[in-house]
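As stored in coords09.csv (CSV, C-alpha atoms and all ligand atoms):
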```csv
chain,number,residue,atom,x,y,z
A,495,MET,CA,0.0,0.0,0.0
A,496,ILE,CA,1.6,3.3,-1.2
A,497,ASN,CA,1.5,6.2,1.2
A,498,LEU,CA,2.3,9.6,-0.3
A,499,GLU,CA,2.1,11.5,3.0
A,500,THR,CA,4.9,14.0,3.7
A,501,GLN,CA,5.8,16.4,6.5
A,502,TYR,CA,6.4,19.9,5.4
A,503,ALA,CA,7.2,22.8,7.7
A,504,GLY,CA,5.3,21.3,10.5
A,505,LEU,CA,2.3,20.4,8.3
A,506,THR,CA,1.2,16.9,7.4
A,507,LEU,CA,0.4,16.8,3.7
A,508,ARG,CA,-1.5,13.9,2.1
A,509,ASN,CA,1.0,14.1,-0.8
A,510,PRO,CA,3.9,16.5,-1.7
A,511,ILE,CA,2.2,18.5,-4.5
A,512,ILE,CA,1.4,22.1,-3.5
A,513,ILE,CA,-0.3,24.6,-5.9
A,514,GLY,CA,2.1,27.6,-5.9
A,515,SER,CA,1.0,31.1,-5.0
A,516,SER,CA,-0.5,32.8,-8.1
A,517,GLY,CA,-3.7,33.9,-9.6
A,518,LEU,CA,-4.6,30.2,-9.8
A,519,THR,CA,-5.3,30.2,-6.1
A,520,SER,CA,-7.3,33.4,-5.9
A,521,SER,CA,-10.8,31.8,-5.8
A,522,PRO,CA,-12.2,29.4,-3.1
A,523,ASP,CA,-14.1,27.5,-5.8
A,524,ARG,CA,-11.0,26.9,-7.9
A,525,ASN,CA,-9.0,26.0,-4.8
A,526,LYS,CA,-11.7,23.3,-4.2
A,527,GLU,CA,-11.0,22.0,-7.7
A,528,TYR,CA,-7.3,21.6,-6.9
A,529,GLU,CA,-8.2,19.7,-3.8
A,530,LYS,CA,-10.5,17.4,-5.8
A,531,ALA,CA,-7.7,16.9,-8.4
A,532,GLY,CA,-5.5,15.7,-5.5
A,533,ALA,CA,-3.3,18.6,-4.4
A,534,GLY,CA,-1.6,18.2,-1.0
A,535,ALA,CA,-1.9,21.9,-0.1
A,536,ILE,CA,-2.5,25.3,-1.6
A,537,VAL,CA,-0.6,28.5,-1.3
A,538,LEU,CA,-3.0,31.4,-1.8
A,539,LYS,CA,-2.0,34.2,-4.2
A,540,SER,CA,0.2,36.8,-2.4
A,541,LEU,CA,-1.0,40.1,-1.1
A,542,PHE,CA,1.7,42.5,-2.3
A,543,GLU,CA,3.0,45.3,0.0
A,544,GLU,CA,4.0,47.1,-3.2
A,545,GLN,CA,0.5,46.8,-4.7
A,546,ILE,CA,-1.0,48.4,-1.6
A,547,GLU,CA,1.5,51.2,-1.6
A,548,MET,CA,1.0,51.9,-5.3
A,549,GLN,CA,-2.8,52.1,-4.9
A,550,SER,CA,-2.5,54.4,-1.9
A,551,THR,CA,0.0,56.6,-3.7
A,552,SER,CA,-2.3,56.9,-6.7
A,553,LEU,CA,-5.3,57.8,-4.6
A,554,MET,CA,-3.2,60.2,-2.5
A,555,SER,CA,-2.1,62.1,-5.7
A,556,GLU,CA,-5.8,62.6,-6.5
A,557,SER,CA,-6.6,64.0,-3.1
A,558,TYR,CA,-6.7,67.8,-2.4
A,559,TYR,CA,-6.3,67.2,1.3
A,560,PRO,CA,-2.7,66.5,2.5
A,561,GLU,CA,-4.1,65.5,5.9
A,562,ALA,CA,-6.0,62.6,4.2
A,563,THR,CA,-2.7,60.8,3.4
A,564,ASP,CA,-2.6,58.6,6.4
A,565,TYR,CA,-6.4,57.9,6.2
A,566,ILE,CA,-6.1,56.9,2.5
A,567,ARG,CA,-3.1,54.6,3.2
A,568,GLU,CA,-4.9,52.9,6.1
A,569,TYR,CA,-8.2,52.7,4.1
A,570,VAL,CA,-6.6,51.0,1.1
A,571,LYS,CA,-4.6,48.6,3.3
A,572,ALA,CA,-7.7,47.7,5.4
A,573,ASN,CA,-9.7,47.0,2.2
A,574,GLN,CA,-7.1,44.8,0.5
A,575,VAL,CA,-6.4,43.0,3.8
A,576,ASN,CA,-10.1,42.4,4.4
A,577,ASP,CA,-10.5,40.9,0.9
A,578,TYR,CA,-7.5,38.7,1.5
A,579,LEU,CA,-8.8,37.5,4.9
A,580,GLU,CA,-12.1,36.6,3.2
A,581,LEU,CA,-10.2,34.5,0.7
A,582,ILE,CA,-8.6,32.6,3.5
A,583,LYS,CA,-11.8,32.1,5.4
A,584,LYS,CA,-13.8,31.0,2.3
A,585,THR,CA,-11.0,28.6,1.1
A,586,LYS,CA,-10.8,27.1,4.6
A,587,ALA,CA,-14.5,26.7,4.7
A,588,THR,CA,-14.5,24.7,1.4
A,589,CYS,CA,-11.2,22.8,1.5
A,590,ASN,CA,-9.8,20.2,3.9
A,591,ILE,CA,-6.2,20.4,2.8
A,592,PRO,CA,-3.8,22.9,4.4
A,593,VAL,CA,-4.2,26.4,3.2
A,594,ILE,CA,-1.0,28.5,3.2
A,595,ALA,CA,-1.4,32.3,3.1
A,596,SER,CA,1.2,34.3,1.3
A,597,THR,CA,2.4,37.8,1.5
A,598,ASN,CA,5.1,39.7,-0.6
A,599,CYS,CA,6.8,42.0,1.8
A,600,TYR,CA,10.1,43.7,2.5
A,601,LYS,CA,9.3,45.8,5.6
A,602,ALA,CA,8.7,43.7,8.7
A,603,ASP,CA,6.7,46.4,10.5
A,604,ALA,CA,4.1,46.8,7.9
A,605,TRP,CA,3.1,43.1,8.1
A,606,ILE,CA,3.2,42.0,11.7
A,607,ASP,CA,-0.4,42.8,12.5
A,608,PHE,CA,-1.5,41.4,9.1
A,609,ALA,CA,0.3,38.1,9.9
A,610,ARG,CA,-1.7,37.8,13.1
A,611,GLN,CA,-4.9,38.5,11.2
A,612,MET,CA,-4.1,35.8,8.7
A,613,GLU,CA,-3.6,33.3,11.4
A,614,LEU,CA,-6.9,34.3,13.1
A,615,ALA,CA,-8.6,33.9,9.7
A,616,GLY,CA,-7.6,30.2,9.7
A,617,ALA,CA,-4.4,30.0,7.6
A,618,ASP,CA,-2.5,26.8,8.4
A,619,ALA,CA,0.8,28.4,7.6
A,620,LEU,CA,2.3,31.6,6.2
A,621,GLU,CA,4.6,31.9,3.2
A,622,LEU,CA,6.6,35.1,3.1
A,623,ASN,CA,7.6,36.0,-0.4
A,624,VAL,CA,10.4,38.4,0.3
A,625,PHE,CA,11.6,39.7,-3.0
A,626,TYR,CA,12.6,42.9,-4.5
A,627,VAL,CA,15.2,44.0,-7.0
A,628,ASP,CA,18.1,45.9,-5.4
A,629,THR,CA,20.1,47.9,-7.8
A,630,ASP,CA,21.8,50.3,-5.3
A,631,LEU,CA,25.4,50.8,-6.2
A,632,ALA,CA,26.2,51.0,-2.5
A,633,TYR,CA,24.6,47.6,-2.0
A,634,ASP,CA,25.3,46.1,1.4
A,635,TYR,CA,24.9,42.3,1.6
A,636,ASP,CA,24.7,42.4,5.4
A,637,ALA,CA,21.8,44.9,5.4
A,638,THR,CA,19.9,42.7,2.9
A,639,ARG,CA,20.5,39.6,5.0
A,640,ALA,CA,19.5,41.6,8.2
A,641,MET,CA,16.2,42.6,6.5
A,642,TYR,CA,15.3,38.9,5.8
A,643,VAL,CA,16.3,37.9,9.4
A,644,ASN,CA,14.3,40.8,10.9
A,645,ILE,CA,11.2,39.8,8.9
A,646,ILE,CA,11.3,36.1,10.0
A,647,ARG,CA,12.1,37.0,13.6
A,648,ARG,CA,9.3,39.5,13.9
A,649,VAL,CA,6.7,37.3,12.2
A,650,LYS,CA,7.7,34.3,14.3
A,651,GLU,CA,7.3,36.3,17.5
A,652,THR,CA,3.8,37.2,16.3
A,653,VAL,CA,2.2,34.0,15.1
A,654,ARG,CA,2.1,30.3,16.2
A,655,ILE,CA,1.5,28.8,12.7
A,656,PRO,CA,4.5,27.7,10.7
A,657,VAL,CA,6.2,30.4,8.8
A,658,ILE,CA,8.0,29.6,5.5
A,659,MET,CA,10.3,31.9,3.5
A,660,LYS,CA,10.1,31.9,-0.3
A,661,ILE,CA,13.4,33.3,-1.7
A,662,GLY,CA,14.7,34.1,-5.1
A,663,LYS,CA,17.8,32.3,-6.5
A,664,PHE,CA,20.0,35.3,-7.0
A,665,PHE,CA,22.0,35.1,-3.8
A,666,SER,CA,25.7,34.5,-3.6
A,667,ASN,CA,25.3,31.9,-0.9
A,668,ILE,CA,21.9,30.3,-0.7
A,669,PRO,CA,22.7,27.7,2.0
A,670,ALA,CA,24.0,30.4,4.3
A,671,LEU,CA,20.9,32.5,3.9
A,672,VAL,CA,18.5,29.5,4.4
A,673,HIS,CA,20.6,28.5,7.5
A,674,ILE,CA,20.3,31.9,9.1
A,675,LEU,CA,16.6,31.9,8.4
A,676,LYS,CA,16.2,28.5,10.0
A,677,VAL,CA,18.2,29.6,13.1
A,678,ASN,CA,15.9,32.6,13.4
A,679,GLY,CA,12.8,30.4,13.3
A,680,ALA,CA,11.8,29.7,9.7
A,681,ASP,CA,9.9,26.4,9.5
A,682,GLY,CA,10.7,25.9,5.9
A,683,ALA,CA,12.0,27.4,2.7
A,684,VAL,CA,10.6,27.6,-0.8
A,685,LEU,CA,13.4,27.3,-3.5
A,686,PHE,CA,12.6,29.4,-5.6
A,687,ASN,CA,10.4,32.3,-6.5
A,688,ARG,CA,10.4,33.3,-10.1
A,689,CYS,CA,10.7,37.0,-10.7
A,690,TYR,CA,9.1,39.1,-13.4
A,691,ARG,CA,11.2,39.2,-16.6
A,692,PRO,CA,11.4,42.2,-18.9
A,693,ASP,CA,11.8,41.9,-22.6
A,694,ILE,CA,12.3,44.3,-25.5
A,695,ASP,CA,10.1,44.4,-28.6
A,696,ILE,CA,12.5,45.5,-31.4
A,697,ASN,CA,9.6,46.4,-33.7
A,698,THR,CA,7.8,48.8,-31.4
A,699,MET,CA,11.0,49.7,-29.5
A,700,GLN,CA,9.1,49.2,-26.3
A,701,LEU,CA,9.8,47.4,-23.1
A,702,VAL,CA,7.4,44.4,-22.8
A,703,SER,CA,6.8,41.6,-20.3
A,704,GLY,CA,8.8,38.5,-20.9
A,705,ASN,CA,7.4,35.0,-20.6
A,706,VAL,CA,5.7,34.7,-17.2
A,707,PHE,CA,5.8,30.9,-17.2
A,708,SER,CA,8.8,28.8,-16.3
A,709,SER,CA,10.2,26.2,-18.6
A,710,HIS,CA,11.4,22.7,-17.9
A,711,SER,CA,15.0,23.9,-18.3
A,712,ASP,CA,14.7,26.0,-15.1
A,713,LEU,CA,14.6,22.8,-13.1
A,714,GLY,CA,18.4,22.4,-12.9
A,715,ASP,CA,18.9,25.3,-10.5
A,716,THR,CA,16.0,24.1,-8.4
A,717,LEU,CA,17.5,20.6,-8.1
A,718,ARG,CA,21.0,21.8,-7.4
A,719,TRP,CA,20.0,24.1,-4.5
A,720,THR,CA,17.4,21.7,-3.1
A,721,ALA,CA,20.1,19.0,-2.9
A,722,ILE,CA,22.8,21.3,-1.5
A,723,VAL,CA,20.5,23.0,1.1
A,724,SER,CA,18.9,19.8,2.2
A,725,GLY,CA,22.2,18.1,2.4
A,726,LYS,CA,23.9,20.8,4.5
A,727,ILE,CA,21.0,21.8,6.8
A,728,PRO,CA,19.7,18.8,8.6
A,729,GLY,CA,16.0,18.9,9.3
A,730,ILE,CA,15.2,21.7,6.9
A,731,SER,CA,11.9,21.5,5.1
A,732,ILE,CA,12.2,22.5,1.5
A,733,ALA,CA,9.5,23.0,-1.1
A,734,SER,CA,11.2,22.9,-4.5
A,735,SER,CA,9.6,25.4,-6.9
A,736,THR,CA,10.4,26.5,-10.4
A,737,GLY,CA,10.5,24.3,-13.5
A,738,ILE,CA,8.5,21.4,-12.0
A,739,HIS,CA,6.4,20.4,-15.0
A,740,GLU,CA,6.2,16.6,-15.1
A,741,TRP,CA,5.9,13.7,-12.7
A,742,GLU,CA,9.6,12.8,-13.1
A,743,ASP,CA,10.5,16.3,-11.8
A,744,VAL,CA,8.6,15.6,-8.6
A,745,ILE,CA,10.6,12.4,-8.0
A,746,LYS,CA,13.8,14.2,-8.8
A,747,CYS,CA,13.1,17.0,-6.2
A,748,LEU,CA,12.2,14.5,-3.5
A,749,LEU,CA,15.4,12.5,-4.3
A,750,ALA,CA,17.3,15.7,-3.9
A,751,GLY,CA,15.8,16.2,-0.5
A,752,ALA,CA,12.6,18.3,-0.9
A,753,SER,CA,9.7,17.6,1.5
A,754,ALA,CA,7.3,18.9,-1.1
A,755,VAL,CA,7.1,20.6,-4.5
A,756,GLN,CA,5.2,23.6,-5.8
A,757,MET,CA,3.6,23.7,-9.2
A,758,CYS,CA,2.4,26.8,-10.9
A,759,SER,CA,3.2,27.2,-14.6
A,760,ALA,CA,2.3,23.6,-15.4
A,761,VAL,CA,-1.1,24.0,-13.8
A,762,TYR,CA,-1.6,27.3,-15.8
A,763,THR,CA,-0.8,25.5,-19.0
A,764,CYS,CA,-2.3,22.0,-18.4
A,765,GLY,CA,-5.1,22.7,-15.9
A,766,ALA,CA,-5.8,20.9,-12.6
A,767,GLU,CA,-5.8,17.5,-14.3
A,768,ILE,CA,-2.0,17.6,-14.3
A,769,ILE,CA,-2.1,17.1,-10.5
A,770,THR,CA,-4.0,13.8,-10.8
A,771,GLN,CA,-1.8,12.6,-13.7
A,772,VAL,CA,1.4,13.4,-11.8
A,773,LEU,CA,0.2,11.7,-8.6
A,774,THR,CA,-0.7,8.5,-10.6
A,775,CYS,CA,2.7,8.4,-12.2
A,776,VAL,CA,4.6,9.0,-8.9
A,777,GLU,CA,2.6,6.1,-7.3
A,778,GLU,CA,3.4,3.9,-10.3
A,779,TRP,CA,7.1,4.8,-10.1
A,780,MET,CA,7.2,4.1,-6.3
A,781,SER,CA,5.4,0.8,-6.8
A,782,HIS,CA,7.9,-0.2,-9.5
A,783,ALA,CA,10.9,0.8,-7.3
A,784,LYS,CA,9.3,-1.0,-4.3
A,785,TYR,CA,8.9,2.1,-2.2
A,786,GLU,CA,5.9,2.3,0.1
A,787,SER,CA,6.5,5.8,1.5
A,788,ILE,CA,8.2,9.0,0.5
A,789,ALA,CA,10.5,8.8,3.5
A,790,GLU,CA,12.1,5.7,2.0
A,791,PHE,CA,13.7,7.7,-0.8
A,792,LYS,CA,13.5,11.4,0.2
A,793,GLY,CA,17.0,12.9,0.1
A,794,LYS,CA,18.7,9.7,-1.3
A,795,LEU,CA,20.5,11.9,-3.8
A,796,SER,CA,21.0,15.0,-1.7
A,797,TYR,CA,24.4,16.7,-1.4
A,798,ALA,CA,25.0,14.7,1.9
A,799,ASN,CA,23.9,11.3,0.5
A,800,SER,CA,24.9,11.4,-3.2
A,801,LYS,CA,28.1,9.5,-4.1
A,802,ASN,CA,29.2,12.4,-6.2
A,803,PRO,CA,28.1,15.6,-4.4
A,804,GLY,CA,30.7,17.7,-6.3
A,805,MET,CA,28.3,17.4,-9.4
A,806,TYR,CA,26.0,19.8,-7.5
A,807,GLU,CA,28.7,22.3,-7.1
A,808,ARG,CA,30.1,22.2,-10.6
A,809,ALA,CA,29.9,25.7,-12.0
A,810,GLN,CA,31.7,25.4,-15.3
A,811,PHE,CA,31.0,23.5,-18.4
A,812,MET,CA,34.7,22.5,-19.2
A,813,LYS,CA,34.1,18.8,-19.3
A,814,TYR,CA,30.9,19.2,-21.3
A,815,PHE,CA,32.6,21.3,-23.9
A,816,SER,CA,35.8,19.1,-24.0
A,817,ASN,CA,33.6,16.1,-25.0
A,818,ARG,CA,32.0,18.0,-27.8
A,819,ASP,CA,33.4,18.3,-31.3
B,1,LIG,C1,1.1,34.2,-13.4
B,1,LIG,C2,1.9,34.0,-12.1
B,1,LIG,C3,1.6,34.7,-11.0
B,1,LIG,C4,2.3,34.5,-9.8
B,1,LIG,N1,2.0,35.1,-8.6
B,1,LIG,C5,2.7,34.9,-7.5
B,1,LIG,C6,2.3,35.4,-6.3
B,1,LIG,O1,1.3,36.2,-6.1
B,1,LIG,N2,3.1,35.2,-5.2
B,1,LIG,C7,4.2,34.4,-5.2
B,1,LIG,O2,4.8,34.1,-4.2
B,1,LIG,N3,4.5,33.8,-6.4
B,1,LIG,C8,3.8,34.0,-7.5
B,1,LIG,N4,4.2,33.4,-8.7
B,1,LIG,C9,5.4,32.6,-8.7
B,1,LIG,C10,5.0,31.1,-8.5
B,1,LIG,O3,4.3,30.9,-7.3
B,1,LIG,C11,6.2,30.2,-8.6
B,1,LIG,O4,7.1,30.4,-7.6
B,1,LIG,C12,6.9,30.3,-10.0
B,1,LIG,O5,6.0,30.5,-11.0
B,1,LIG,C13,7.8,29.1,-10.2
B,1,LIG,O6,7.1,27.9,-10.2
B,1,LIG,P1,6.7,27.2,-11.6
B,1,LIG,O7,7.9,26.9,-12.3
B,1,LIG,O8,5.9,26.0,-11.2
B,1,LIG,O9,5.8,28.2,-12.4
B,1,LIG,C14,3.4,33.6,-9.8
B,1,LIG,C15,3.8,32.9,-11.0
B,1,LIG,C16,3.0,33.1,-12.2
B,1,LIG,C17,3.4,32.4,-13.4
```
What would you get if you wrote out this structure as structure tokens?
Amino acid sequence: MINLETQYAGLTLRNPIIIGSSGLTSSPDRNKEYEKAGAGAIVLKSLFEEQIEMQSTSLMSESYYPEATDYIREYVKANQVNDYLELIKKTKATCNIPVIASTNCYKADAWIDFARQMELAGADALELNVFYVDTDLAYDYDATRAMYVNIIRRVKETVRIPVIMKIGKFFSNIPALVHILKVNGADGAVLFNRCYRPDIDINTMQLVSGNVFSSHSDLGDTLRWTAIVSGKIPGISIASSTGIHEWEDVIKCLLAGASAVQMCSAVYTCGAEIITQVLTCVEEWMSHAKYESIAEFKGKLSYANSKNPGMYERAQFMKYFSNRD
């Protein structure tokens, strides 16, 4: 009898497939469909700090009364927050699988109270999507790291539910960052967020949006860092994210040491059915390999357990090119 159950960041999931935070998870009815298709958990779309600030700023610019500034900011925030709390409550009322709330933030203070409200609304865990593009020439790595640590510390002091950090892959030392987040209370890490990509239309000479969806070729970085982080930080809960499009990708991430995986682009392009198909194939693979539980093979090929861990650290293509004509 095959059991797909997995432990992720203090949550018990019936299987390791999580629907990643995005517009996919912005409706309670659709979230129910993902549950019916077999999803192990759902991360609700994020509430963006930036989005609230932009909306407040635009309303403030239309106001004749400078003294209304604080009122407008608070009003916009309260409205957006209330809509979000409703999404949590309604999804919790319809779904039995864990519901993870998500916020995109970079200032701890702005979100402490909101984190508490999300917990009270019934969220089973909180995913903090801390991402912004820093282009300051006087960039200070320590200050950036301190910002991440401050956010996790403050949120952990405020809520009792598990708190997971979702990070981008553009850090010079990802294991060191995840380690310090864990030391400061993070219950898990999502590797990785995928940032917006700009493109240029050479006919209209305009800046345009690049492809929003990941491709299968993005999986390599996800696997590399899942294996290294899980191998170097015992007990860390990782959800691999970015480039997981097929059932084999799920197995690869689990072998690398992930506790769960998040799927987003594949669900956008193939619909909820892909969850059912992936789960069926994972079960078939386990049955064929004579595994009854995920724990039996999770991390078998992590940095700590692989016979050739140096493969995960290889940065150059020298061997590859020397073998090619
Ligand atoms: C259309 C779209 C909207 C997204 N919105 C969010 C969001 O609100 N919050 C968030 O943390 N990630 C968001 N993401 C990122 C996804 O959750 C995920 O991390 C990323 O797409 C990589 O996973 P994938 O390769 O399965 O697509 C979004 C992705 C897409 C494609």
Give the residues close to ligand LIG 1 (chain B), within 10 Å, counting all atoms listed in the file; write them as a PyMOL selection string. chain A and resi 512-520+537-542+595-598+621-625+659-662+684-690+705-713+716+734-739+755-763
Can you write out the residues you just picked, keeping C-alpha atoms, as an mmCIF file, keeping the file's coordinate frame?
```cif
data_model
loop_
_atom_site.group_PDB
_atom_site.id
_atom_site.type_symbol
_atom_site.label_atom_id
_atom_site.label_comp_id
_atom_site.auth_asym_id
_atom_site.auth_seq_id
_atom_site.Cartn_x
_atom_site.Cartn_y
_atom_site.Cartn_z
ATOM 1 C CA ILE A 512 1.400 22.100 -3.500
ATOM 2 C CA ILE A 513 -0.300 24.600 -5.900
ATOM 3 C CA GLY A 514 2.100 27.600 -5.900
ATOM 4 C CA SER A 515 1.000 31.100 -5.000
ATOM 5 C CA SER A 516 -0.500 32.800 -8.100
ATOM 6 C CA GLY A 517 -3.700 33.900 -9.600
ATOM 7 C CA LEU A 518 -4.600 30.200 -9.800
ATOM 8 C CA THR A 519 -5.300 30.200 -6.100
ATOM 9 C CA SER A 520 -7.300 33.400 -5.900
ATOM 10 C CA VAL A 537 -0.600 28.500 -1.300
ATOM 11 C CA LEU A 538 -3.000 31.400 -1.800
ATOM 12 C CA LYS A 539 -2.000 34.200 -4.200
ATOM 13 C CA SER A 540 0.200 36.800 -2.400
ATOM 14 C CA LEU A 541 -1.000 40.100 -1.100
ATOM 15 C CA PHE A 542 1.700 42.500 -2.300
ATOM 16 C CA ALA A 595 -1.400 32.300 3.100
ATOM 17 C CA SER A 596 1.200 34.300 1.300
ATOM 18 C CA THR A 597 2.400 37.800 1.500
ATOM 19 C CA ASN A 598 5.100 39.700 -0.600
ATOM 20 C CA GLU A 621 4.600 31.900 3.200
ATOM 21 C CA LEU A 622 6.600 35.100 3.100
ATOM 22 C CA ASN A 623 7.600 36.000 -0.400
ATOM 23 C CA VAL A 624 10.400 38.400 0.300
ATOM 24 C CA PHE A 625 11.600 39.700 -3.000
ATOM 25 C CA MET A 659 10.300 31.900 3.500
ATOM 26 C CA LYS A 660 10.100 31.900 -0.300
ATOM 27 C CA ILE A 661 13.400 33.300 -1.700
ATOM 28 C CA GLY A 662 14.700 34.100 -5.100
ATOM 29 C CA VAL A 684 10.600 27.600 -0.800
ATOM 30 C CA LEU A 685 13.400 27.300 -3.500
ATOM 31 C CA PHE A 686 12.600 29.400 -5.600
ATOM 32 C CA ASN A 687 10.400 32.300 -6.500
ATOM 33 C CA ARG A 688 10.400 33.300 -10.100
ATOM 34 C CA CYS A 689 10.700 37.000 -10.700
ATOM 35 C CA TYR A 690 9.100 39.100 -13.400
ATOM 36 C CA ASN A 705 7.400 35.000 -20.600
ATOM 37 C CA VAL A 706 5.700 34.700 -17.200
ATOM 38 C CA PHE A 707 5.800 30.900 -17.200
ATOM 39 C CA SER A 708 8.800 28.800 -16.300
ATOM 40 C CA SER A 709 10.200 26.200 -18.600
ATOM 41 C CA HIS A 710 11.400 22.700 -17.900
ATOM 42 C CA SER A 711 15.000 23.900 -18.300
ATOM 43 C CA ASP A 712 14.700 26.000 -15.100
ATOM 44 C CA LEU A 713 14.600 22.800 -13.100
ATOM 45 C CA THR A 716 16.000 24.100 -8.400
ATOM 46 C CA SER A 734 11.200 22.900 -4.500
ATOM 47 C CA SER A 735 9.600 25.400 -6.900
ATOM 48 C CA THR A 736 10.400 26.500 -10.400
ATOM 49 C CA GLY A 737 10.500 24.300 -13.500
ATOM 50 C CA ILE A 738 8.500 21.400 -12.000
ATOM 51 C CA HIS A 739 6.400 20.400 -15.000
ATOM 52 C CA VAL A 755 7.100 20.600 -4.500
ATOM 53 C CA GLN A 756 5.200 23.600 -5.800
ATOM 54 C CA MET A 757 3.600 23.700 -9.200
ATOM 55 C CA CYS A 758 2.400 26.800 -10.900
ATOM 56 C CA SER A 759 3.200 27.200 -14.600
ATOM 57 C CA ALA A 760 2.300 23.600 -15.400
ATOM 58 C CA VAL A 761 -1.100 24.000 -13.800
ATOM 59 C CA TYR A 762 -1.600 27.300 -15.800
ATOM 60 C CA THR A 763 -0.800 25.500 -19.000
#
```
Might you pull out every residue within 9 Å of Trp719 (chain A), with only C-alpha atoms counted and same-chain residues fewer than 5 positions away left off, and present them as a ChimeraX atom specification? /A:663,668-669,685,714,724,734,750,806
Could you check which of A:Leu498, A:Ala609, A:Ala789, A:Ala783 is closest to Gly532 (chain A), using all atoms listed in the file? A:Leu498
So which residues touch Ser787 (chain A) within 9 Å, counting all atoms listed in the file, skipping near sequence neighbours fewer than 5 positions away, as number ranges by chain? A: 495-500, 780
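Atom pair CA of Met612 (chain A) / CA of Leu579 (chain A) has a distance of 6.3 Å (rounded to one decimal).
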Please rebuild region 574-590 of chain A with N, CA and C atoms and give the result as a PDB file, in the frame of the given file.
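Wrote it out as part.pdb, contents follow:
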```pdb
ATOM      1  N   GLN A 574      -7.818  45.937   1.194  1.00  0.00           N
ATOM      2  CA  GLN A 574      -7.100  44.800   0.500  1.00  0.00           C
ATOM      3  C   GLN A 574      -6.916  43.672   1.525  1.00  0.00           C
ATOM      4  N   VAL A 575      -6.591  44.044   2.753  1.00  0.00           N
ATOM      5  CA  VAL A 575      -6.400  43.000   3.800  1.00  0.00           C
ATOM      6  C   VAL A 575      -7.686  42.275   4.035  1.00  0.00           C
ATOM      7  N   ASN A 576      -8.797  43.025   4.118  1.00  0.00           N
ATOM      8  CA  ASN A 576     -10.100  42.400   4.400  1.00  0.00           C
ATOM      9  C   ASN A 576     -10.448  41.392   3.263  1.00  0.00           C
ATOM     10  N   ASP A 577     -10.241  41.818   2.009  1.00  0.00           N
ATOM     11  CA  ASP A 577     -10.500  40.900   0.900  1.00  0.00           C
ATOM     12  C   ASP A 577      -9.699  39.641   1.024  1.00  0.00           C
ATOM     13  N   TYR A 578      -8.448  39.827   1.425  1.00  0.00           N
ATOM     14  CA  TYR A 578      -7.500  38.700   1.500  1.00  0.00           C
ATOM     15  C   TYR A 578      -7.991  37.746   2.672  1.00  0.00           C
ATOM     16  N   LEU A 579      -8.406  38.355   3.780  1.00  0.00           N
ATOM     17  CA  LEU A 579      -8.800  37.500   4.900  1.00  0.00           C
ATOM     18  C   LEU A 579     -10.097  36.727   4.523  1.00  0.00           C
ATOM     19  N   GLU A 580     -10.947  37.341   3.710  1.00  0.00           N
ATOM     20  CA  GLU A 580     -12.100  36.600   3.200  1.00  0.00           C
ATOM     21  C   GLU A 580     -11.739  35.426   2.370  1.00  0.00           C
ATOM     22  N   LEU A 581     -10.707  35.629   1.527  1.00  0.00           N
ATOM     23  CA  LEU A 581     -10.200  34.500   0.700  1.00  0.00           C
ATOM     24  C   LEU A 581      -9.748  33.360   1.565  1.00  0.00           C
ATOM     25  N   ILE A 582      -9.028  33.693   2.617  1.00  0.00           N
ATOM     26  CA  ILE A 582      -8.600  32.600   3.500  1.00  0.00           C
ATOM     27  C   ILE A 582      -9.754  31.914   4.149  1.00  0.00           C
ATOM     28  N   LYS A 583     -10.696  32.705   4.691  1.00  0.00           N
ATOM     29  CA  LYS A 583     -11.800  32.100   5.400  1.00  0.00           C
ATOM     30  C   LYS A 583     -12.655  31.217   4.476  1.00  0.00           C
ATOM     31  N   LYS A 584     -12.936  31.730   3.255  1.00  0.00           N
ATOM     32  CA  LYS A 584     -13.800  31.000   2.300  1.00  0.00           C
ATOM     33  C   LYS A 584     -13.056  29.714   1.835  1.00  0.00           C
ATOM     34  N   THR A 585     -11.763  29.822   1.599  1.00  0.00           N
ATOM     35  CA  THR A 585     -11.000  28.600   1.100  1.00  0.00           C
ATOM     36  C   THR A 585     -10.987  27.603   2.266  1.00  0.00           C
ATOM     37  N   LYS A 586     -10.780  28.068   3.481  1.00  0.00           N
ATOM     38  CA  LYS A 586     -10.800  27.100   4.600  1.00  0.00           C
ATOM     39  C   LYS A 586     -12.127  26.480   4.809  1.00  0.00           C
ATOM     40  N   ALA A 587     -13.197  27.231   4.510  1.00  0.00           N
ATOM     41  CA  ALA A 587     -14.500  26.700   4.700  1.00  0.00           C
ATOM     42  C   ALA A 587     -14.829  25.597   3.634  1.00  0.00           C
ATOM     43  N   THR A 588     -14.168  25.670   2.461  1.00  0.00           N
ATOM     44  CA  THR A 588     -14.500  24.700   1.400  1.00  0.00           C
ATOM     45  C   THR A 588     -13.446  23.564   1.299  1.00  0.00           C
ATOM     46  N   CYS A 589     -12.219  23.834   1.735  1.00  0.00           N
ATOM     47  CA  CYS A 589     -11.200  22.800   1.500  1.00  0.00           C
ATOM     48  C   CYS A 589     -10.719  22.176   2.834  1.00  0.00           C
ATOM     49  N   ASN A 590     -10.315  20.927   2.738  1.00  0.00           N
ATOM     50  CA  ASN A 590      -9.800  20.200   3.900  1.00  0.00           C
ATOM     51  C   ASN A 590      -8.268  20.169   3.954  1.00  0.00           C
TER      52      ASN A 590
END
```
